>>> print(open('my_file.cif').read())   # mmCIF, C-alpha atoms
data_model
#
loop_
_atom_site.label_atom_id
_atom_site.label_comp_id
_atom_site.auth_asym_id
_atom_site.auth_seq_id
_atom_site.Cartn_x
_atom_site.Cartn_y
_atom_site.Cartn_z
CA MET A 1 0.00 20.34 -1.34
CA SER A 2 3.41 21.80 -0.60
CA VAL A 3 4.02 25.00 1.31
CA GLU A 4 6.87 27.22 0.19
CA THR A 5 8.89 28.93 2.88
CA SER A 6 9.80 32.53 2.20
CA PRO A 7 13.47 33.53 2.42
CA ALA A 8 12.60 35.91 5.28
CA VAL A 9 11.25 33.04 7.36
CA VAL A 10 14.28 30.88 6.55
CA ALA A 11 16.58 33.68 7.63
CA ARG A 12 14.84 33.98 10.98
CA SER A 13 14.42 30.32 11.85
CA ALA A 14 17.44 28.37 10.62
CA VAL A 15 20.97 28.63 9.36
CA PRO A 16 20.64 29.95 5.79
CA GLN A 17 21.79 27.37 3.26
CA SER A 18 20.23 28.13 -0.12
CA VAL A 19 21.66 30.78 -2.40
CA GLU A 20 18.49 32.86 -2.04
CA ALA A 21 18.50 32.58 1.76
CA LEU A 22 22.12 33.73 1.85
CA ARG A 23 21.24 36.70 -0.37
CA VAL A 24 18.48 37.64 2.06
CA ILE A 25 20.92 37.49 4.98
CA HIS A 26 23.42 39.55 3.00
CA ARG A 27 20.79 42.24 2.36
CA ALA A 28 19.77 42.17 6.04
CA ARG A 29 23.39 42.64 7.06
CA GLU A 30 23.95 45.51 4.64
CA ALA A 31 20.78 47.18 5.92
CA ARG A 32 21.97 46.82 9.49
CA LEU A 33 25.32 48.37 8.58
CA SER A 34 23.68 51.33 6.84
CA GLY A 35 21.08 51.84 9.53
CA GLY A 36 18.26 51.07 7.12
CA ARG A 37 15.36 48.63 7.34
CA SER A 38 15.22 45.17 5.80
CA PRO A 39 12.22 42.96 5.03
CA ALA A 40 14.08 40.03 6.59
CA ALA A 41 15.80 39.63 9.93
CA PRO A 42 18.72 37.37 10.81
CA ARG A 43 18.45 34.69 13.46
CA ALA A 44 18.18 36.19 16.93
CA GLU A 45 21.69 35.22 18.06
CA ILE A 46 23.21 36.60 14.84
CA GLY A 47 21.27 39.87 15.03
CA ALA A 48 22.30 40.35 18.66
CA SER A 49 25.93 39.71 17.72
CA TRP A 50 25.82 42.19 14.84
CA ASP A 51 24.52 44.82 17.23
CA ARG A 52 27.33 44.12 19.72
CA VAL A 53 30.13 44.33 17.17
CA LEU A 54 28.66 47.48 15.63
CA ARG A 55 28.71 49.10 19.08
CA SER A 56 32.30 47.94 19.63
CA GLY A 57 33.45 49.55 16.39
CA VAL A 58 34.49 46.47 14.39
CA ASP A 59 35.01 47.37 10.73
CA PRO A 60 33.19 44.94 8.37
CA ASP A 61 35.90 45.52 5.77
CA GLN A 62 38.81 45.00 8.16
CA SER A 63 41.52 42.41 7.73
CA THR A 64 41.40 39.31 9.90
CA ASP A 65 45.09 39.69 10.71
CA SER A 66 45.82 39.26 14.42
CA VAL A 67 48.84 39.76 16.63
CA LEU A 68 49.68 36.18 17.54
CA LEU A 69 50.73 35.16 21.02
CA GLU A 70 54.34 34.08 21.41
CA MET A 71 54.84 30.31 21.51
CA ASP A 72 55.96 30.46 25.14
CA GLU A 73 52.70 32.17 26.08
CA ILE A 74 50.66 29.65 24.09
CA GLU A 75 52.39 26.80 25.92
CA ARG A 76 51.78 28.50 29.28
CA ARG A 77 48.08 28.83 28.51
CA ARG A 78 47.90 25.23 27.34
CA ARG A 79 49.42 24.01 30.59
CA ALA A 80 47.03 26.16 32.62
CA SER A 81 43.93 24.99 30.75
CA ALA A 82 41.91 21.98 31.89
CA LEU A 83 41.29 21.33 28.19
CA GLY A 84 44.89 20.19 27.88
CA GLU A 85 43.97 17.15 29.98
CA VAL A 86 41.34 16.04 27.47
CA MET A 87 43.04 16.89 24.18
CA PRO A 88 43.65 13.17 23.41
CA LEU A 89 39.91 12.61 23.79
CA LEU A 90 39.06 15.59 21.58
CA ASN A 91 41.52 14.39 18.96
CA GLU A 92 40.04 10.90 19.00
CA SER A 93 36.41 12.02 18.85
CA LEU A 94 36.53 14.98 16.49
CA VAL A 95 39.71 15.45 14.47
CA SER A 96 39.27 12.44 12.17
CA LEU A 97 35.69 13.51 11.44
CA ALA A 98 36.82 17.04 10.69
CA ASP A 99 39.53 15.81 8.36
CA ALA A 100 37.06 13.67 6.41
CA ALA A 101 34.61 16.58 6.20
CA GLN A 102 37.36 18.96 4.99
CA GLN A 103 37.17 21.01 8.14
CA ILE A 104 39.45 21.75 11.10
CA VAL A 105 39.03 21.57 14.86
CA VAL A 106 39.93 24.73 16.77
CA ILE A 107 40.23 24.90 20.57
CA THR A 108 40.42 28.29 22.28
CA ASP A 109 40.71 29.63 25.81
CA VAL A 110 38.19 31.92 27.51
CA GLU A 111 39.65 34.96 25.77
CA GLY A 112 39.09 33.43 22.34
CA ARG A 113 42.79 32.81 21.78
CA VAL A 114 43.46 29.74 19.65
CA LEU A 115 45.48 27.19 21.65
CA TRP A 116 45.18 24.14 19.39
CA ARG A 117 44.02 23.43 15.84
CA GLN A 118 44.06 20.21 13.83
CA GLY A 119 42.27 18.69 10.86
CA ASN A 120 42.36 18.71 7.09
CA THR A 121 45.77 19.82 5.80
CA GLY A 122 44.38 21.86 2.92
CA VAL A 123 41.92 23.66 5.17
CA LEU A 124 44.68 24.41 7.68
CA ARG A 125 46.56 26.21 4.92
CA ARG A 126 43.42 28.19 4.00
CA ALA A 127 42.88 28.98 7.69
CA ASP A 128 46.28 30.67 7.75
CA ASP A 129 44.94 33.16 5.19
CA ILE A 130 42.28 34.37 7.64
CA CYS A 131 44.61 34.06 10.67
CA LEU A 132 42.68 31.17 12.19
CA ALA A 133 46.01 30.14 13.66
CA GLU A 134 47.44 29.19 17.03
CA GLY A 135 47.76 32.30 19.18
CA ALA A 136 45.24 34.36 17.18
CA ALA A 137 42.40 36.30 18.82
CA TRP A 138 38.87 35.29 17.76
CA ALA A 139 36.71 37.13 20.27
CA GLU A 140 33.89 39.22 18.78
CA ALA A 141 35.74 42.43 19.58
CA SER A 142 38.60 41.25 17.34
CA MET A 143 36.88 39.35 14.52
CA GLY A 144 33.24 40.39 14.66
CA THR A 145 30.46 37.81 14.55
CA ASN A 146 31.96 34.31 14.36
CA ALA A 147 31.13 31.04 16.09
CA ILE A 148 34.03 31.18 18.55
CA GLY A 149 33.55 34.78 19.66
CA THR A 150 29.75 34.64 19.66
CA ALA A 151 29.70 31.40 21.68
CA LEU A 152 31.99 33.08 24.23
CA VAL A 153 29.46 35.87 24.68
CA SER A 154 26.27 33.82 24.56
CA ARG A 155 27.70 30.87 26.54
CA THR A 156 25.68 28.58 24.22
CA PRO A 157 26.52 26.56 21.08
CA VAL A 158 26.45 28.72 17.96
CA GLN A 159 26.67 28.08 14.22
CA VAL A 160 27.66 30.94 11.92
CA HIS A 161 27.54 30.46 8.17
CA SER A 162 28.80 32.53 5.26
CA SER A 163 27.37 36.08 5.22
CA GLU A 164 26.22 35.75 8.82
CA HIS A 165 29.85 36.57 9.64
CA PHE A 166 30.22 40.30 10.25
CA VAL A 167 33.61 40.70 8.59
CA ARG A 168 33.28 40.28 4.81
CA SER A 169 36.47 38.28 4.35
CA LEU A 170 34.90 35.47 6.44
CA HIS A 171 31.87 35.02 4.17
CA SER A 172 33.50 32.06 2.46
CA TRP A 173 33.68 30.19 5.79
CA THR A 174 31.31 28.23 8.00
CA CYS A 175 31.84 27.43 11.66
CA ALA A 176 30.11 25.81 14.64
CA ALA A 177 31.29 26.22 18.22
CA SER A 178 30.33 25.11 21.71
CA PRO A 179 31.48 26.38 25.11
CA VAL A 180 33.17 23.95 27.51
CA ARG A 181 32.70 24.41 31.26
CA ASP A 182 34.79 23.06 34.10
CA PRO A 183 32.42 20.78 36.06
CA ARG A 184 34.43 21.43 39.23
CA ASP A 185 33.30 25.05 39.47
CA ASN A 186 31.10 25.61 36.37
CA ARG A 187 33.51 28.20 34.97
CA LEU A 188 33.86 28.56 31.21
CA ILE A 189 37.26 27.17 30.23
CA GLY A 190 37.20 27.40 26.44
CA ILE A 191 35.55 26.75 23.10
CA VAL A 192 35.46 23.72 20.79
CA ASP A 193 34.98 24.80 17.17
CA LEU A 194 34.61 23.17 13.76
CA SER A 195 35.49 25.47 10.86
CA GLY A 196 35.84 25.05 7.12
CA PRO A 197 35.01 26.50 3.73
CA ALA A 198 31.37 27.48 3.37
CA SER A 199 30.87 24.61 0.91
CA THR A 200 31.49 22.13 3.76
CA PHE A 201 28.50 23.38 5.78
CA HIS A 202 26.48 20.66 7.49
CA PRO A 203 23.55 21.27 9.87
CA ALA A 204 24.75 18.44 12.14
CA SER A 205 28.03 20.23 12.91
CA LEU A 206 26.47 22.18 15.77
CA ALA A 207 25.13 19.05 17.46
CA LEU A 208 28.50 17.37 16.95
CA VAL A 209 30.58 20.05 18.65
CA GLY A 210 28.00 20.27 21.44
CA SER A 211 28.25 16.53 22.06
CA VAL A 212 32.05 16.62 22.04
CA ALA A 213 32.06 19.54 24.48
CA ARG A 214 29.83 17.56 26.86
CA LEU A 215 32.14 14.56 26.45
CA ALA A 216 35.12 16.72 27.39
CA GLU A 217 33.30 17.98 30.47
CA SER A 218 32.46 14.42 31.48
CA GLU A 219 36.11 13.39 31.15
CA ILE A 220 37.25 16.33 33.29
CA LYS A 221 34.68 15.34 35.91
CA ASN A 222 35.88 11.72 35.94
CA ARG A 223 39.48 12.85 36.33
CA HIS A 224 38.39 15.11 39.17
CA LEU A 225 36.68 12.25 41.00
CA GLN A 226 39.82 10.15 40.65
CA ALA A 227 41.93 13.00 42.04
CA ILE A 228 39.54 13.35 45.00
CA ASP A 229 39.94 9.62 45.72
CA ARG A 230 43.74 9.99 45.72
CA LEU A 231 43.54 13.03 47.99
CA ARG A 232 41.19 11.14 50.32
CA SER A 233 43.73 8.35 50.75
CA VAL A 234 46.42 10.89 51.64
CA ALA A 235 44.21 12.88 54.00
CA ALA A 236 42.50 10.05 55.88
CA PRO A 237 45.43 9.13 58.20
CA LEU A 238 46.13 12.82 58.90
CA LEU A 239 42.54 13.60 59.83
CA CYS A 240 42.45 10.56 62.16
CA ARG A 241 45.29 12.04 64.22
CA LEU A 242 43.85 15.54 64.48
CA GLY A 243 41.80 16.95 67.29
CA GLY A 244 39.30 19.72 66.66
CA ARG A 245 37.74 20.64 63.34
CA ALA A 246 39.52 20.04 60.05
CA LEU A 247 38.86 19.35 56.38
CA ALA A 248 40.85 18.07 53.43
CA VAL A 249 39.81 19.73 50.17
CA ASP A 250 41.16 19.84 46.65
CA THR A 251 42.38 23.06 45.04
CA HIS A 252 38.80 23.91 44.02
CA GLY A 253 37.47 23.36 47.56
CA TRP A 254 35.76 20.00 46.95
CA LEU A 255 35.72 17.85 50.07
CA ALA A 256 37.95 14.78 50.38
CA GLY A 257 37.69 14.28 54.14
CA VAL A 258 36.46 15.92 57.35
CA THR A 259 36.72 15.48 61.09
CA GLY A 260 35.06 17.19 64.04
CA MET A 261 32.36 18.91 62.00
CA PRO A 262 29.51 18.17 59.57
CA PRO A 263 30.65 17.49 55.99
CA VAL A 264 30.09 20.00 53.19
CA ASP A 265 30.16 19.34 49.47
CA ARG A 266 32.49 22.23 48.77
CA LEU A 267 34.39 24.79 50.82
CA PRO A 268 34.57 28.28 49.26
CA LEU A 269 38.25 29.18 48.92
CA PRO A 270 39.88 32.52 48.05
CA LYS A 271 41.33 32.74 44.56
CA SER A 272 44.86 33.02 45.89
CA LEU A 273 45.28 30.61 48.80
CA ARG A 274 48.59 30.19 50.58
CA PRO A 275 49.82 28.13 53.52
CA GLY A 276 49.48 29.79 56.91
CA ARG A 277 46.70 31.47 58.85
CA VAL A 278 43.78 32.50 56.64
CA TRP A 279 40.33 33.87 57.42
CA LEU A 280 37.63 31.89 55.65
CA PRO A 281 34.14 33.44 55.93
CA SER A 282 32.41 30.08 56.36
CA LEU A 283 34.77 28.81 59.08
CA GLY A 284 36.61 31.74 60.63
CA MET A 285 40.35 31.73 61.24
CA CYS A 286 41.99 28.60 59.80
CA ARG A 287 45.44 27.16 59.38
CA ILE A 288 46.13 26.06 55.82
CA GLU A 289 48.70 23.40 54.97
CA PRO A 290 49.43 21.99 51.51
CA LEU A 291 48.62 18.39 50.67
CA SER A 292 49.37 16.51 47.49
CA GLY A 293 46.50 17.66 45.27
CA GLY A 294 44.84 19.98 47.76
CA TRP A 295 44.81 21.60 51.19
CA LEU A 296 44.46 20.61 54.83
CA VAL A 297 42.22 23.20 56.51
CA GLN A 298 42.28 23.28 60.32
CA VAL A 299 39.82 25.55 62.07
CA THR A 300 41.77 27.55 64.67
CA ASP A 301 39.77 27.46 67.88
CA GLY A 302 42.70 28.68 69.93
CA PRO A 303 46.01 30.51 69.49
CA SER A 304 48.42 29.46 66.78
CA ASP A 305 51.02 26.92 67.79
CA GLU A 306 54.08 27.80 65.75
CA SER A 307 56.29 25.60 67.93
CA ARG A 308 55.04 22.56 66.05
CA ARG A 309 56.79 23.68 62.85
CA ARG A 310 60.19 22.46 61.72
CA VAL A 311 62.00 23.74 58.64
CA VAL A 312 64.86 21.88 56.96
CA LEU A 313 66.79 23.88 54.36
CA ASP A 314 68.69 21.33 52.27
CA LEU A 315 71.63 22.96 50.45
CA SER A 316 73.69 19.79 50.21
CA ARG A 317 73.16 19.38 46.44
CA PRO A 318 73.51 22.41 44.12
CA ARG A 319 70.94 20.96 41.70
CA GLY A 320 68.54 19.77 44.37
CA LEU A 321 67.91 22.77 46.61
CA THR A 322 64.81 22.21 48.75
CA VAL A 323 63.01 23.37 51.85
CA ASN A 324 61.06 20.86 53.91
CA VAL A 325 58.32 21.96 56.33
CA ALA A 326 57.11 19.48 58.94
CA SER A 327 54.29 19.79 61.45
CA ALA A 328 52.47 17.44 63.77
CA VAL A 329 50.12 16.40 60.98
CA SER A 330 51.94 16.77 57.66
CA THR A 331 55.25 17.19 55.89
CA TRP A 332 55.85 18.78 52.51
CA THR A 333 58.82 19.78 50.38
CA GLN A 334 59.30 22.71 48.00
CA ARG A 335 62.09 23.00 45.42
CA LEU A 336 64.04 26.25 45.57
CA SER A 337 65.66 28.50 43.03
CA PRO A 338 69.25 29.52 43.88
CA ARG A 339 68.08 33.05 44.75
CA HIS A 340 65.41 31.81 47.15
CA ALA A 341 67.94 29.43 48.70
CA GLU A 342 70.25 32.39 49.33
CA LEU A 343 67.52 34.40 51.01
CA LEU A 344 66.38 31.54 53.25
CA TYR A 345 69.99 30.79 54.16
CA ALA A 346 70.48 34.42 55.22
CA LEU A 347 67.34 34.25 57.39
CA ALA A 348 68.48 30.94 58.88
CA LEU A 349 71.75 32.59 59.94
CA HIS A 350 69.99 35.63 61.39
CA ARG A 351 67.12 34.26 63.47
CA GLU A 352 66.52 37.70 64.99
CA GLY A 353 65.41 38.85 61.52
CA ARG A 354 66.65 41.06 58.70
CA THR A 355 65.29 44.24 57.16
CA ALA A 356 64.94 44.51 53.40
CA SER A 357 68.11 46.64 53.20
CA GLU A 358 70.05 44.16 55.33
CA LEU A 359 68.96 41.29 53.09
CA ALA A 360 69.89 43.35 50.04
CA GLN A 361 73.38 43.74 51.50
CA ASP A 362 73.52 40.00 52.30
CA ILE A 363 72.50 38.93 48.80
CA PHE A 364 73.71 41.68 46.44
CA GLY A 365 76.26 43.59 48.49
CA ASP A 366 74.06 46.62 47.82
CA ALA A 367 71.69 47.80 50.54
CA THR A 368 69.66 49.88 48.08
CA ARG A 369 68.24 46.88 46.20
CA THR A 370 65.27 46.55 48.55
CA VAL A 371 62.63 46.40 45.79
CA THR A 372 64.14 43.19 44.41
CA VAL A 373 64.41 41.67 47.88
CA ARG A 374 60.79 42.47 48.75
CA ALA A 375 59.58 40.96 45.47
CA GLU A 376 61.54 37.74 46.00
CA ILE A 377 60.45 37.39 49.64
CA SER A 378 56.84 37.88 48.54
CA ARG A 379 57.24 34.97 46.12
CA ILE A 380 58.75 32.79 48.84
CA ARG A 381 55.91 33.59 51.24
CA ARG A 382 53.36 32.24 48.76
CA HIS A 383 54.45 28.82 49.99
CA LEU A 384 56.11 29.53 53.33
CA ALA A 385 53.81 32.11 54.92
CA GLU A 386 53.12 29.67 57.77
CA VAL A 387 56.76 29.77 58.94
CA LEU A 388 58.02 33.16 57.68
CA ALA A 389 57.21 36.40 59.46
CA HIS A 390 57.98 39.96 58.35
CA ARG A 391 58.82 43.38 59.84
CA PRO A 392 61.60 42.28 60.01
CA TYR A 393 61.79 39.23 57.74
CA ARG A 394 62.46 36.16 59.87
CA PHE A 395 61.43 32.61 60.67
CA GLY A 396 58.51 32.64 63.10
CA GLU A 397 58.88 32.30 66.84
CA GLY A 398 59.28 28.69 67.90
CA VAL A 399 59.97 27.44 64.36
CA GLU A 400 62.90 25.03 64.45
CA VAL A 401 65.28 25.60 61.53
CA GLU A 402 67.97 23.21 60.32
CA VAL A 403 70.38 23.81 57.43
CA ILE A 404 71.90 20.79 55.71
CA HIS A 405 75.28 21.88 54.29
CA PRO A 406 77.24 20.13 51.56
CA GLU A 407 80.08 17.87 52.68
CA HIS A 408 82.68 20.45 51.68
CA PRO A 409 82.05 24.12 52.62
CA ALA A 410 83.31 25.27 49.23
CA ASP A 411 80.36 23.48 47.60
CA LEU A 412 77.77 25.67 49.35
CA LEU A 413 75.73 27.23 46.54
CA PRO A 414 78.86 27.17 44.37
CA ARG A 415 77.61 29.64 41.75
CA SER A 416 76.40 32.18 44.27
CA THR A 417 78.13 35.54 44.61
CA ALA A 418 75.99 36.62 47.56
CA PRO A 419 78.24 38.02 50.30
CA VAL A 420 76.44 35.99 52.98
CA VAL A 421 77.24 32.77 51.09
CA VAL A 422 80.78 33.73 50.09
CA ARG A 423 81.61 34.44 53.76
CA ALA A 424 80.26 31.04 54.79
CA ARG A 425 82.29 29.25 52.11
CA THR A 426 85.53 30.97 53.06
CA ALA A 427 84.92 30.64 56.81
CA GLY A 428 84.54 26.89 56.37
#
>>> encode(input="my_file.cif", output="structure tokens")
Amino acid sequence: MSVETSPAVVARSAVPQSVEALRVIHRAREARLSGGRSPAAPRAEIGASWDRVLRSGVDPDQSTDSVLLEMDEIERRRRASALGEVMPLLNESLVSLADAAQQIVVITDVEGRVLWRQGNTGVLRRADDICLAEGAAWAEASMGTNAIGTALVSRTPVQVHSSEHFVRSLHSWTCAASPVRDPRDNRLIGIVDLSGPASTFHPASLALVGSVARLAESEIKNRHLQAIDRLRSVAAPLLCRLGGRALAVDTHGWLAGVTGMPPVDRLPLPKSLRPGRVWLPSLGMCRIEPLSGGWLVQVTDGPSDESRRRVVLDLSRPRGLTVNVASAVSTWTQRLSPRHAELLYALALHREGRTASELAQDIFGDATRTVTVRAEISRIRRHLAEVLAHRPYRFGEGVEVEVIHPEHPADLLPRSTAPVVVRARTAG
């Protein structure tokens, strides 16, 4: 004896697939829009999404047009995303399947902005019609209920099919999406999505994108462990020479080495960490120095010893301007822009320090351009806070400073028009 399942039950328990089940969902959606009652209810995650987008004022009859990000901004976001590291893996594991199934793979950032898309050529052209394109915004607030935007809110894998989409022009589409988290700090880093015409719906799509998302997370974790091993090899000889308490951690605070104190799995770090003296709640006052792939954190049990710092400003090659900072335990080098080289050169000449207006005169020949000077010095101090003081701007007490000039004085920052540089070239 067979048991027939009513459309209302289908609508509540599974993704609607039959024509009748889709009609039931359509009626439920129209009732929700009009404020009326319906004999059937959508799946819980879809109903919750409809409520959210209604409250946010999304128009069900709106266009799916979106203001696309500029290509430069897309590239910047790609470089900043951990998903960029695993795109070859995602391509290998998902794109060929999507192409065969007449679907496309869409990867977004945490704002729902599309960073990558690949798959079936015909579907890519159709995706352009609904602005499922690189740089487009697919958060719920922009596009209503859809797998990408709803997965961003729910933080769980979501499948949205046909009339479950809030915006009517998406009813001919089906999509399944899964969040991807960074295993280093458990932060959401983006969404993996499979999208295609509604006729390409398959119930296994949700499990597929979920599995691929977990695979991406596993690959990021493996890469992280390899990076920790590299950092450990760099940090080990430094930690052996140190007295007192110190740790080597990666940029997320994961431990690569420790001396003089019990080990911890992870050291909480401020979002914006710079070299120099920093108060860390778990350790107190610390001295932070950059390492390749992380930070050396020394707990300051006594006064700071600035005398152990040496700065070498290398201006010998116009296309290779650098500053090198050396201490008793580490040495690191930072490339410089011509403007930053000019400012550091001015401070190297005036060890007593310079005010913002004096530096403005040195660099621009205009003492009123203090806002520009302060902004540029602030950028420099992101990396050189340990050796640069302010009020006035200067190299710290006891910091040894050496300037390496080019062989011929006329070659000193040859394109610079800064008065402090021009005087040095002509004096030579």
>>> closest_atom_pairs(input="my_file.cif", of="segment 264-378 of chain A", to="segment 206-230 of chain A", cutoff="10 Å", atoms="all atoms listed in the file", output="CSV")
residue,atom,partner,partner_atom,distance
A:Ser292,CA,A:Arg230,CA,8.8
A:Gly293,CA,A:Ala227,CA,7.3
A:Gly294,CA,A:Ile228,CA,8.9
>>> write_last_selection(input="my_file.cif", atoms="C-alpha atoms", output="PDB file, in the frame of the given file")
ATOM      1  CA  SER A 292      49.370  16.510  47.490  1.00  0.00           C
ATOM      2  CA  GLY A 293      46.500  17.660  45.270  1.00  0.00           C
ATOM      3  CA  GLY A 294      44.840  19.980  47.760  1.00  0.00           C
TER       4      GLY A 294
END
>>> residues_around(input="my_file.cif", residues="segment 353-366 of chain A", least_positions_apart="5", cutoff="12 Å", atoms="only C-alpha atoms", output="ChimeraX atom specification")
/A:338-348,371-378,388-397,416-424
>>> closest_residue(input="my_file.cif", among="A:Gly35, A:Ala137, A:Leu269, A:Val123", to="Ile74 of chain A", atoms="all atoms listed in the file")
A:Ala137
>>> residues_around(input="my_file.cif", residues="Arg277 of chain A", least_positions_apart="6", cutoff="10 Å", atoms="all atoms listed in the file", output="list in words")
Met285, Cys286, Arg287, Ile288, Glu289, Val297, Gln298, Val299, Thr300, Ser304, Ala385 and Glu386 of chain A
>>> residues_around(input="my_file.cif", residues="segment 199-203 of chain A", least_positions_apart="2", cutoff="7 Å", atoms="only C-alpha atoms", output="PyMOL selection string")
chain A and resi 101-102+174+196-197+205-206
>>> residues_around(input="my_file.cif", residues="Gln103 of chain A", least_positions_apart="5", cutoff="12 Å", atoms="all atoms listed in the file", output="ChimeraX atom specification")
/A:94-98,117-127,173-176,193-202,205
>>> residues_around(input="my_file.cif", residues="Pro268 of chain A", least_positions_apart="5", cutoff="10 Å", atoms="only C-alpha atoms", output="PyMOL selection string")
chain A and resi 252-254+280-283
>>> closest_residue(input="my_file.cif", among="A:Arg29, A:Thr64, A:Cys240, A:Arg319", to="Arg43 of chain A", atoms="all atoms listed in the file")
A:Arg29
>>> atom_distance(input="my_file.cif", atom1="atom CA of Leu313 of chain A", atom2="atom CA of His405 of chain A")
8.7 Å
>>> closest_residue(input="my_file.cif", among="A:Leu170, A:Val67, A:Ala133, A:Val180", to="Thr156 of chain A", atoms="only C-alpha atoms")
A:Val180
>>> closest_residue(input="my_file.cif", among="A:Lys271, A:His350, A:Arg232, A:Arg155", to="Val258 of chain A", atoms="all atoms listed in the file")
A:Arg232
>>> resolve_selection(input="my_file.cif", expression="the PyMOL selection byres ((chain A and resi 81) around 12)", output="PyMOL selection string")
chain A and resi 74-80+82-87+107-111+113+115-116+180-182+187-191+220
>>> atom_distance(input="my_file.cif", atom1="atom CA of Pro88 of chain A", atom2="atom CA of Leu68 of chain A")
24.5 Å
